[in-house]
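K.L.:
My structure is below; once you've seen it, I'll send some questions.
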Amino acid sequence: MGKLISSILIANRGEIALRVIRACKEMKIKSIALYSDEDLRSKHVKSADEAYYLGPPAPTKSYLSIDRIIEIAVSAGAEAIHPGYGFLSENETFAAKCEEKGIIFIGPTSEAMALTGDKMKCKEIMKKAEVPTIPGSDDILEEVDKAVEVAEEAGYPVLLKSAYGGGGRGIRFANDEKTLREEFEMAAAESRAAFGKSGLYVEKFLQGIRHIEFQLARDSSGNGRHLFERECSIQRRHQKLIEFSPSSVVDKKTRSKIGEIAVRAAESVDYLNAGTAEFLRDEKGNFYFIEVNSRLQVEHPVTELVTGIDLVKLQIKIARGEEIPFKQDDLNMNGSAIECRINAEDPFHDFVPSVGLVPDCNLPYGPGVRVDTYLYPGCNVSGYYDSLVAKLITWGQDFNEARVRMSNALDEFLIEGINTTIPLYRTIMTEKNFIEGKISTDYLEKYDMLNVMQNELKEKQLKESDAAIASALLFSEYLKGQYNTGNSSKDLSLSRWVKTGNSKNGI
Amino acid sequence: MHDEKINRLHEMKKKAEIGGGQEKIEAQHTKGKLTARERLDLLLDSNSFIEIDKYVVHRSIESDSTKYYGDGVITGFGTVNGRKVFVYAYDFTILGGSLGEMAGRKIVKLMDHAIKVGAPLIGILDSGGARIQEGVMSLDGYGDIFFRNTMASGVIPQITASIGPCAGGAVYSPAMTDFVIMVENIGQMFVTGPEVVKEVLSQEVSFEDLGGARTHSTKSGVAHFVAENEYECMDKIKKLISFIPQNNLEISPSIESQDDPNRLEPDFSKILPENPYEQYDMKQIIKLLVDKGDFLEVHEHFAENIVVGFARIDGKSVGIIANQPMYLAGALDINSSTKAARFIRFCDCFNIPIVTLVDTPGYLPGTDQEHNGIIRHGSKLLYAYCEATVPKVTCIIGKAYGGAYIAMGSKNLRADINYAWPTAEIAVLGPEAAITIVHRKDLKTSKNPVEIKKKLAKEYRQKFANPYIAAEKGIIDLVIDPLETRIMIVKALDVLQNKRESRPIRKHGNINL
Amino acid sequence: MEFKIDNQDNVLSGSINESSGDGKIVATINNKEHSMKIIGLKNNILEFMLDNSYRTAKILEYGSSHVKMLMNGEQIILKKHSKLTEILEKSMALGGSASGENKLFSQIPGRVVSIMVKVGDQIKKGDSVIVLESMKMQVAVKAHKDGEIKDTKVKIGDTVSRNDIVAVIE
């Protein structure tokens with residue numbers, strides 16, 4: 001029951017589009033790219049076999065415009081669509097429309113997506129499947145009193161979240177009843193404004209938690225596999241910064257146990273293709289299910305490096321109707337991999353976004369170094385899309401080798417023209433607690449990493465100050481030599497000025 | 001030996017350098033302004049400044065008035081990135097920088113030196129105006145300065161920086177210099193100040209609105225450059241100097257080209273839209289054409305329908321003039337004509353070759369233009385191109401209709417080499433206008449005038465709106481592939497370097513002012 | 001000449017003592033003498049010898065007020081004439097007669113998604129005035145001084161470039 005996919009339209013941009021195109025090339029599948037006005041000269045457009053114009057830069061008019069994308073897919077004869085991550089990758093309407101038009105959507109079915117997208121329903125299903133969830137509300141809370149009740153039962157402090165939002169945005173913290181009541185009103189209003197409904201739920205806030213997720217894959221024959229865990233505890237404002245595998249607090253037994261739970265979670269929503277089950281692990285080692293991300297994730301390279309499995313190619317195979325070509329026991333974890341998400345933000349000034357031309361860049365390479373990026377010298381980083389410009393992933397026989405390789409690769413990674421978060425990662429890679437694995441989701445604040453980064457930079461700059469000043473002095477000397485002309489040149493013969501003025505006819 | 005006498009000199013030096021006194025210096029700083037000496041320190045290479053007339057004393061009017069040395073202006077010579085320059089900077093700390101008789105004499109002496117040596121003259125203005133107490137002798141000073149400005153015009157480059165007030169008749173000196181740069185919120189120039197305006201006309205207007213940097217760089221065109229602060233002001237002056245020669249007998253400094261003279265540029269044809277009615281930014285084309293995209297635009301915010309400025313092509317300094325389709329569709333009008341004409345004449349004075357890029361639909365119509373004399377002012381552009389004997393290379397990129405085609409460096413104005421892109425449309429009128437006139441009878445009697453018009457316009461376009469008719473007549477030297485534009489211009493400029501061309505001997509022409 | 005590394009307080013110094021014809025330069029930097037020689041400068045990448053060790057720096061910006069360069073992958077901004085800058089900055093902060101200080105500029109490009117104030121509001125330094133969206137992030141442009149909102153120069157949906165005026169505060 002295999003459908004041959006001979007062309008794939010990639011409904012995305014940037015580094016993930018390039019990633020999918022690469023997999024297509026390996027599988028001899030025609031790659032079809034899309035671009036907005038901003039992306040005319042992007043690398044993914046240049047690499048694809050065909051490229052079609054989407055529309056103006058704004059996402060709603062381009063990468064999020066379902067009808068236009070389907071229209072292009074149909075006219076270009078695309079047999080399948082890969083949505084990447086973000087944009088329409090978890091949009092059930094989009095998946096459904098693809099199914100309607102007979103285009104294979106490389107990902108889960110629209111039904112599975114709907115299930116995983118509804119946090120409350122998902123929690124219900126997980127409970128039935130005996131997957132441990134975070135203490136908190138089981139239903140959407142319309143009134144603040146119910147919220148308080150749930151919070152008392154679960155125990156403060158609690159988090160107030162929107163049932164419809166995702167990706168770490170709009171989460172509020174409440175230490176006591178009073179704060180909860182205040183935050184509730186504001187959160188409800190925001191939710192109404194953003195999603196049209198005010199569905200909120202309360203969740204116990206766990207201390208010293210680590211974010212550990214399991215990569216999943218399930219095929220149309222019902223075979224579910226997990227491809228081990230990734231630890232993503234280093235975050236800022238609930239956005240992941242660094243991910244690595246294996247996690248230092250997950251032993252073989254736990255890996256097997258939680259992996260199984262993750263696969264069960266996938267089965268309970270009849271999941272198809274690749275996805276990720278996210279868990280939180282508290283200080284005591286208890287794992288709590290948070291959600292299933294029904295897409296290929298940003299940090300998938302980490303898993304690719306420690307398992308040797310190409311996840312994008314696996315996605316395409318599953319979409320073709322093939323069975324997953326390995327059994328759970330066939331998989332082995334080999335070595336250790338770390339990924340740093342390099343964003344175009346200024347870590348020294350509150351992570352203010354940085355856009356513009358990148359006149360030059362120098363990508364690191366060497367054993368165990370992988371860079372997934374859309375950057376090239378002369379490219380443009382647009383303000384219309386998200387700030388991820390590159391993923392730097394390193395692999396080593398153990399965590400330490402991967403870490404040292406990452407540290408050196410960060411030193412080699414030069415991106416001109418924009419500010420990036422590379423300096424922050426440089427600091428973290430050599431920080432004692434990170435090296436010892438003493439991390440949790442509040443790592444940055446707990447160890448005041450931004451300050452440490454600032455101080456490290458200052459020290460480095462001071463050390464280089466002699467050479468820097470020497471450069472400044474030499475450059476000014478150079479400028480003096482550059483513009484000599486006429487009576488300023490080193491040529492000592494009489495200038496035209498003097499000769500002409502001294503002549504009898506003088507001008 | 002002679003310790004006592006030498007010590008006396010040191011004392012004098014200190015007194016002179018403190019200007020109007022520590023208090024006045026602090027007052028200057030509080031206003032967010034640097035003192036004259038600090039400004040010279042920023043502008044000139046370190047340890048290069050030699051001051052002359054340091055100990056000149058003002059004509060003291062009141063018998064008990066304090067003795068200030070320098071009389072409110074600091075004059076001397078130094079180097080800017082190794083280039084010899086003569087500078088004077090008004091010292092606001094001494095009697096408000098007002099011009100007294102001795103100060104006038106100092107400046108005039110300096111200007112005479114600059115003219116003798118053939119080196120650029122830079123003036124930094126920060127002055128309360130004429131010193132009322134000295135009466136007509138201070139006006140005398142201005143008059144002498146104006147005369148020297150005129151004598152030096154076209155002989156040595158003259159640059160004025162307005163970093164403070166400059167009012168009354170004094171503003172005519174900067175007006176006669178080649179380039180004026182004003183610092184935002186600090187530089188101000190007007191002939192009559194707000195108080196007088198209020199008194200005489202009962203009009204209320206702030207200093208900034210009447211004569212600040214924004215006003216003069218956008219409305220009046222008095223200022224060629226605007227700097228956000230004093231640092232940027234000095235940087236712009238240094239940049240400007242790097243493109244121009246020391247005097248009118250020298251050529252501009254050239255550097256080893258940092259940009260491949262054989263660079264093919266496929267993006268030229270991508271920037272130009274398929275639809276000739278669509279706007280695009282000419283500056284993008286300029287940036288791709290010149291070395292490293294480094295373009296110093298002059299009059300950036302004035303008459304934006306034409307772009308002028310300095311750049312390097314293959315390491316050599318050139319002046320660029322180009323229509324800007326983004327504003328008024330690139331049409332020519334009064335301000336753009338005078339802006340470009342002045343720039344061309346400066347380049348001609350100082351041996352700087354001119355590169356013109358053309359995409360203009362014609363002259364801007366309307367009573368506003370006609371009543372304000374587009375006929376007079378438009379002719380200045382034609383005059384300037386004809387008069388100039390520097391190498392002139394023109395490239396027609398898009399539309400070039402009618403009189404505007406002639407005005408933009410056409411062959412008949414003695415441009416040396418004229419290129420055109422395949423997208424060039426050289427015609428007397430644009431398609432729509434031409435059809436309306438030529439086929440007026442047909443359109444009147446036809447049943448579907450709109451359709452016929454479209455069809456005729458298309459035919460017209462194919463027949464006339466292309467560069468080949470002109471090329472067939474030799475008015476365009478060569479139709480080139482946009483890809484090769486840079487290479488072609490580099491080669492043209494290269495061969496024209498040694499050009500000499502003469503003009504009839506006359507005292508001077510009668511350009512329509 | 002005195003220099004300061006951006007964001008640091010130490011005042012550093014450097015000046016050229018002698019420059020001989022063959023390109024050898026002796027300079028005093030931070031009170032120590034050094035001998036230097038330019039090996040080459042192309043595309044703004046400066047290569048030189050500093051006391052027998054090879055150094056290189058890419059000069060990104062060079063102006064009267066500062067030099068910005070890339071050295072060993074780190075960006076270093078050296079401020080020149082720091083005393084003068086202090087003077088200018090101090091007087092600007094005192095709310096001098098120039099109306100420049102009343103203008104609130106945007107530090108980043110973006111699209112206006114919300115305006116947090118209206119004309120007449122009294123605000124304090126650090127209050128959010130408008131919120132811009134860039135790279136899917138929302139960043140607030142905050143008031144640079146206490147005062148009253150005299151004018152807002154943008155409306156929701158406008159696109160703002162770096163250094164555009166967004167409001168006037170008096």
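We label chains A, B, ... in the order they appear in the structure tokens, count residues from 1 in each chain, and number ligands from 1 in the order shown.
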Residues near stretch 20-26 of chain B, anyone? I mean within 9 Å using only C-alpha atoms, not counting same-chain ones fewer than 3 positions away, as an mmCIF file with C-alpha atoms, in the first residue's frame.

P.N.:
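Contents of the output file part-v7.cif:
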```cif
data_model
loop_
_atom_site.group_PDB
_atom_site.id
_atom_site.type_symbol
_atom_site.label_atom_id
_atom_site.label_comp_id
_atom_site.auth_asym_id
_atom_site.auth_seq_id
_atom_site.Cartn_x
_atom_site.Cartn_y
_atom_site.Cartn_z
ATOM 1 C CA LYS B 15 44.929 82.527 28.260
ATOM 2 C CA ALA B 16 44.306 82.322 24.565
ATOM 3 C CA GLU B 17 43.254 78.724 24.705
ATOM 4 C CA HIS B 29 28.761 72.330 26.970
ATOM 5 C CA THR B 30 25.490 72.630 28.796
ATOM 6 C CA LYS B 31 23.820 73.558 25.566
ATOM 7 C CA LEU B 34 31.462 71.471 21.807
ATOM 8 C CA THR B 35 33.883 74.387 21.884
ATOM 9 C CA TYR B 68 40.127 88.147 24.909
ATOM 10 C CA TYR B 69 42.657 86.601 22.601
ATOM 11 C CA GLY B 72 36.059 84.919 18.641
ATOM 12 C CA ASP B 91 34.515 80.569 19.121
ATOM 13 C CA PHE B 92 31.135 81.096 20.736
ATOM 14 C CA THR B 93 32.701 81.552 24.161
ATOM 15 C CA ILE B 94 34.167 84.920 23.185
ATOM 16 C CA LEU B 95 31.475 87.571 22.929
ATOM 17 C CA GLY B 96 29.046 85.028 21.512
#
```

K.L.:
Pull the strand (DSSP E) assignments for chain C out of DSSP run on the backbone, and list those residues as an NGL selection string.

P.N.:
:C and (2-5 or 11-19 or 24-29 or 32-42 or 45-50 or 53-62 or 66-71 or 74-80 or 103-105 or 110-115 or 122-123 or 128-134 or 137-142 or 147-152 or 159-160 or 165-169)

K.L.:
Taking only C-alpha atoms into account, which residues of chain B are within 7 Å of chain C, as a ChimeraX atom specification?

P.N.:
/B:29-33,42,185,231,234-235,258

K.L.:
For the selection you just gave me, I'd like the residues written to a file as a PDB file, in the first residue's frame, keeping C-alpha atoms.

P.N.:
```pdb
ATOM      1  CA  HIS B  29      28.761  72.330  26.970  1.00  0.00           C
ATOM      2  CA  THR B  30      25.490  72.630  28.796  1.00  0.00           C
ATOM      3  CA  LYS B  31      23.820  73.558  25.566  1.00  0.00           C
ATOM      4  CA  GLY B  32      25.136  70.287  24.167  1.00  0.00           C
ATOM      5  CA  LYS B  33      27.733  71.995  21.987  1.00  0.00           C
ATOM      6  CA  LEU B  42      37.767  66.073  16.239  1.00  0.00           C
ATOM      7  CA  ASN B 185      19.040  70.955  16.525  1.00  0.00           C
ATOM      8  CA  TYR B 231      30.839  63.531  15.558  1.00  0.00           C
ATOM      9  CA  MET B 234      33.173  65.703  11.211  1.00  0.00           C
ATOM     10  CA  ASP B 235      32.918  62.207   9.780  1.00  0.00           C
ATOM     11  CA  GLN B 258      38.518  47.383  -3.616  1.00  0.00           C
TER      12      GLN B 258
END
```

K.L.:
Pick the closest to chain B from A:Arg225, A:Lys61, A:Arg41, A:Arg22: which is it, counting only C-alpha atoms?

P.N.:
A:Arg41

K.L.:
Within 10 Å of chain A, which residues belong to chain B? Use only C-alpha atoms and report them as a list in words.

P.N.:
Asp45, Thr79, Val80, Asn81, Gly82, Arg83, Lys84, Val85, Lys116, Val117, Gly118, Ala119, Ile241, Ser242, Phe243, Ile244, Pro245, Gln246, Asn247, Asn248, Leu249, Glu250, Ile251, Ser252, Pro253, Ser254, Ile255 and Glu256 of chain B

K.L.:
Contacts from chain A to chain C, 6 Å maximum, only C-alpha atoms: show me the residue list as a list in words.

P.N.:
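Selected residues: Gly383, Tyr384, Tyr385, Asp386, Ser387 and Leu414 of chain A.
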
K.L.:
For the selection just defined, write its residues with N, CA and C atoms to a file, as a JSON list (two decimals), in the first residue's frame.

P.N.:
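Final output, result14.json:
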```json
[["chain", "number", "residue", "atom", "x", "y", "z"],
["A", 383, "GLY", "N", 12.77, 40.82, 9.29],
["A", 383, "GLY", "CA", 12.07, 41.09, 10.54],
["A", 383, "GLY", "C", 10.66, 40.52, 10.54],
["A", 384, "TYR", "N", 10.25, 39.92, 9.40],
["A", 384, "TYR", "CA", 8.89, 39.40, 9.32],
["A", 384, "TYR", "C", 8.74, 38.01, 9.91],
["A", 385, "TYR", "N", 9.84, 37.34, 10.08],
["A", 385, "TYR", "CA", 9.75, 35.95, 10.52],
["A", 385, "TYR", "C", 10.53, 35.77, 11.81],
["A", 386, "ASP", "N", 10.56, 34.51, 12.31],
["A", 386, "ASP", "CA", 11.17, 34.37, 13.63],
["A", 386, "ASP", "C", 12.68, 34.53, 13.58],
["A", 387, "SER", "N", 13.26, 34.63, 14.77],
["A", 387, "SER", "CA", 14.65, 35.05, 14.85],
["A", 387, "SER", "C", 15.67, 33.92, 14.76],
["A", 414, "LEU", "N", 31.27, 32.92, 12.96],
["A", 414, "LEU", "CA", 31.24, 34.38, 12.88],
["A", 414, "LEU", "C", 30.09, 34.82, 11.98]]
```

K.L.:
I need the residue nearest B:Met176 from this list: B:Lys109, B:Ala27, B:Phe346, B:Ile271. Use only C-alpha atoms for the distance.

P.N.:
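Of the candidates, the smallest distance to B:Met176 is held by B:Phe346.
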
K.L.:
Name the residues of stretch 337-444 of chain A that come out as helix (DSSP H, G or I) in a backbone DSSP run; write them as JSON, numbers by chain.

P.N.:
{"A": [399, 400, 401, 402, 403, 404, 405, 406, 407, 408, 409, 410, 411, 412, 422, 423, 424, 425, 426, 427, 428, 429, 432, 433, 434, 435, 443, 444]}

K.L.:
Dump C-alpha atoms for the selected residues as a CSV table (one decimal), in the first residue's frame?

P.N.:
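Saved to selection.csv:
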```
chain,number,residue,atom,x,y,z
A,399,PHE,CA,28.7,14.8,26.8
A,400,ASN,CA,32.0,16.4,27.5
A,401,GLU,CA,33.4,15.8,24.0
A,402,ALA,CA,30.2,17.2,22.5
A,403,ARG,CA,30.4,20.2,24.8
A,404,VAL,CA,34.0,21.0,24.0
A,405,ARG,CA,33.4,20.7,20.3
A,406,MET,CA,30.4,23.0,20.7
A,407,SER,CA,32.5,25.5,22.6
A,408,ASN,CA,35.2,25.6,19.9
A,409,ALA,CA,32.6,25.7,17.1
A,410,LEU,CA,30.9,28.7,18.7
A,411,ASP,CA,34.3,30.4,18.7
A,412,GLU,CA,34.6,29.8,15.0
A,422,ILE,CA,26.3,33.1,20.3
A,423,PRO,CA,28.0,34.9,23.2
A,424,LEU,CA,25.4,33.5,25.6
A,425,TYR,CA,26.1,30.0,24.5
A,426,ARG,CA,29.8,30.5,24.7
A,427,THR,CA,29.4,31.4,28.4
A,428,ILE,CA,27.1,28.5,29.1
A,429,MET,CA,29.3,25.9,27.5
A,432,LYS,CA,30.4,24.8,35.9
A,433,ASN,CA,26.8,24.0,36.6
A,434,PHE,CA,26.1,23.2,33.0
A,435,ILE,CA,29.1,21.0,32.8
A,443,TYR,CA,19.0,27.9,34.9
A,444,LEU,CA,19.5,31.4,33.3
```

K.L.:
Within 6 Å of stretch 309-316 of chain A, counting only C-alpha atoms, which residues show up once you throw out same-chain ones fewer than 3 positions away? Write them as a list in words, please.

P.N.:
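Surrounding residues, per the criterion: Ala23, Asn273, Glu304 and Ala319 of chain A.
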
K.L.:
Restrict the selected residues to N, CA and C atoms and save them as a JSON list (two decimals), in the first residue's frame.

P.N.:
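So the final result, stored in part.json, reads:
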```json
[["chain", "number", "residue", "atom", "x", "y", "z"],
["A", 23, "ALA", "N", 16.68, 16.29, 2.25],
["A", 23, "ALA", "CA", 16.17, 14.92, 2.32],
["A", 23, "ALA", "C", 15.57, 14.54, 0.96],
["A", 273, "ASN", "N", 3.01, 9.51, 11.89],
["A", 273, "ASN", "CA", 4.24, 10.19, 11.49],
["A", 273, "ASN", "C", 5.04, 10.66, 12.71],
["A", 304, "GLU", "N", 18.82, 12.86, 15.59],
["A", 304, "GLU", "CA", 19.43, 12.27, 14.39],
["A", 304, "GLU", "C", 20.86, 11.88, 14.64],
["A", 319, "ALA", "N", 4.93, 8.73, 5.32],
["A", 319, "ALA", "CA", 3.87, 9.35, 4.52],
["A", 319, "ALA", "C", 3.56, 8.52, 3.29]]
```

K.L.:
Please indicate the distance in Å from atom CA of A:Arg370 to atom CA of A:Ser256, rounded to one decimal place.

P.N.:
28.0 Å

K.L.:
Just to confirm, what's the straight-line distance from atom CA of B:Arg376 to atom CA of B:Leu328 in Å (one decimal)?

P.N.:
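About the pair atom CA of B:Arg376 and atom CA of B:Leu328: they are 20.2 Å apart.
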